[in-house]
Amino acid sequence: MGVLGNPDFRRLWLADLASQVGSRIDVLAVPLLAVTALGAPVFEVSLLRTAQTLPYLVLGLQVGAWCDRIRHRPVLIAADAGRAVLIASVPVAALFGVLGMAQLLAVVLAVGVLSVFFDVAHQTYVPRLVAHGQLPEANARLQTNRSMAAVAGPGLAGVIVQALGVATALAVDAVSYLWSALWLRRIEKPDVRPEPRERRLLREIGEGLRLVRGDRVLLAISAHGAVSSFFQSAHLAIVIVFLARDLGLSPWVIGVLGTASLTGAVTAGFTARWLGERIGQARALGGAAVLFGLAYQLYPFTGRGWALACYVLAGFFTSYSVIVLSVFGVSFQQAVTPPELLGRVNAISQTLVFGVVPLGSLLGGTLAGTIGMRATLHIAAAGVLASAAIMVWSPLRKLRDLTPADRR
């Protein structure tokens, strides 16, 4: 069974699976709710993506420093419970006919704040449950969860929305967060509080920043994540509206497209470790960055009929690349970072990746309203491809693997 033979990691893995599925339902259901029930224009829909990720930009570095001072499991449980309550308020408001765009934005923003705490604490918690040698397998298992959720979530959301309405899909999302919290409560290994230290927030953040800046491989991975995320968020902010309005696709068809296109993520979840062993982790990272950028070029050519295959093919190869990038990037980060700095380093990488999302989302919404959606998709695709140069021209091209010994 490998790392799943560890009962506590298995509980974390099951909690993560439930949370990932719910989050994927949310990704489709929230913009569809804004488009169909509230009649929101494309710019307001892009604001939802902005609100969801703005907390990373504002709070990410501070949360990393806080997570290096506290126990992680209570943070994870509280974040899941809070997100369940917030998401549940949307279908309740819809049931009573009082839901408006202001409430939807407020809920998405608050969920985003809790997600910052959850994501940083979760990534920092994994090395406390498994041995360092099992980190690639553990991260591959968690990324497989993301893959399975990426495949099942859109299709499940599309079916629920088509059959029972958007509000019901969000109710399912709320239940998934509660399910995750229940599994986290069952973890038995004591979550020891870190040794107390003098609290100087700016100095603590600076220690993490110096570590990332001083490691050229870690810096390249983080920089590529930030640039590619910026342009990817411009794409994601408008693509559901593009499929629903420009192509006239129903929620069910959009869900099926998402499911079909994201099968690459499942494939990567099962093959990423093998790929790293076969060609080397560094080469797998660099190759995944190039494949990610090239595959993105297919998205703007999506159209009705057979042209929908462009969306599916783009989704397969981009989702495959994202999982490979994540498995080896996160494992490397966890392996080379001292435990007392891991929360801050995790927060820095996530702030770079997610902190630019509000800016990219605003760019996508603004460009779509001025030059059109398809032209905006072309610009986003070109930016994602350009970001691959960061990895290609980094020290990664001279390496095979990413362990500290291989880099001396």
# chains A, B, ... in the order shown; residues from 1 in each chain; ligands from 1

$ residues_around --residues "A:Ser180" --least-positions-apart "2" --cutoff "12 Å" --atoms "only C-alpha atoms" --output "PyMOL selection string"
chain A and resi 11-23+73+76-84+118+173-178+182-187

$ residues_around --residues "stretch 132-144 of chain A" --least-positions-apart "4" --cutoff "7 Å" --atoms "only C-alpha atoms" --output "MDAnalysis selection string"
chainID A and resid 3 13 127 148 266 269:270 323 327:328 331 335

$ closest_residue --among "A:Val130, A:Leu86, A:Ala380, A:Ile25" --to "A:Thr168" --atoms "only C-alpha atoms"
A:Ile25

$ closest_residue --among "A:Gln123, A:Val227, A:Leu170, A:Ser394" --to "A:Val92" --atoms "only C-alpha atoms"
A:Leu170

$ closest_residue --among "A:Gly97, A:Gly64, A:Pro7, A:Pro251" --to "A:Glu204" --atoms "only C-alpha atoms"
A:Gly64

$ residues_around --residues "stretch 205-221 of chain A" --least-positions-apart "5" --cutoff "7 Å" --atoms "only C-alpha atoms" --output "JSON, numbers by chain"
{"A": [61, 65, 329, 333, 341, 344, 345, 390, 391, 394, 395, 396]}

$ closest_residue --among "A:Arg69, A:Ala226, A:Ala181, A:Ala94" --to "A:Arg200" --atoms "only C-alpha atoms"
A:Arg69

$ residues_around --residues "A:Gly343" --least-positions-apart "4" --cutoff "6 Å" --atoms "only C-alpha atoms" --output "list of chain:residue names"
A:Gly64, A:Cys67, A:Asp68, A:Thr124

$ write_last_selection --atoms "N, CA and C atoms" --output "compact mmCIF listing (two decimals), in the first residue's frame"
# COMPACT_ATOMS: atom_id res chain seq x y z
N GLY A 64 1.67 32.23 6.29
CA GLY A 64 2.82 31.32 6.34
C GLY A 64 3.59 31.46 7.63
N CYS A 67 1.51 29.99 10.48
CA CYS A 67 1.44 28.52 10.46
C CYS A 67 2.73 27.88 10.98
N ASP A 68 3.85 28.61 10.95
CA ASP A 68 5.08 28.06 11.53
C ASP A 68 5.09 28.18 13.04
N THR A 124 2.01 22.18 4.69
CA THR A 124 3.02 22.13 5.74
C THR A 124 2.82 20.93 6.65

$ atom_distance --atom1 "atom CA of A:Leu105" --atom2 "atom CA of A:Gly255"
22.8 Å

$ residues_around --residues "A:Met373" --least-positions-apart "6" --cutoff "8 Å" --atoms "only C-alpha atoms" --output "ChimeraX atom specification"
/A:238,242,367
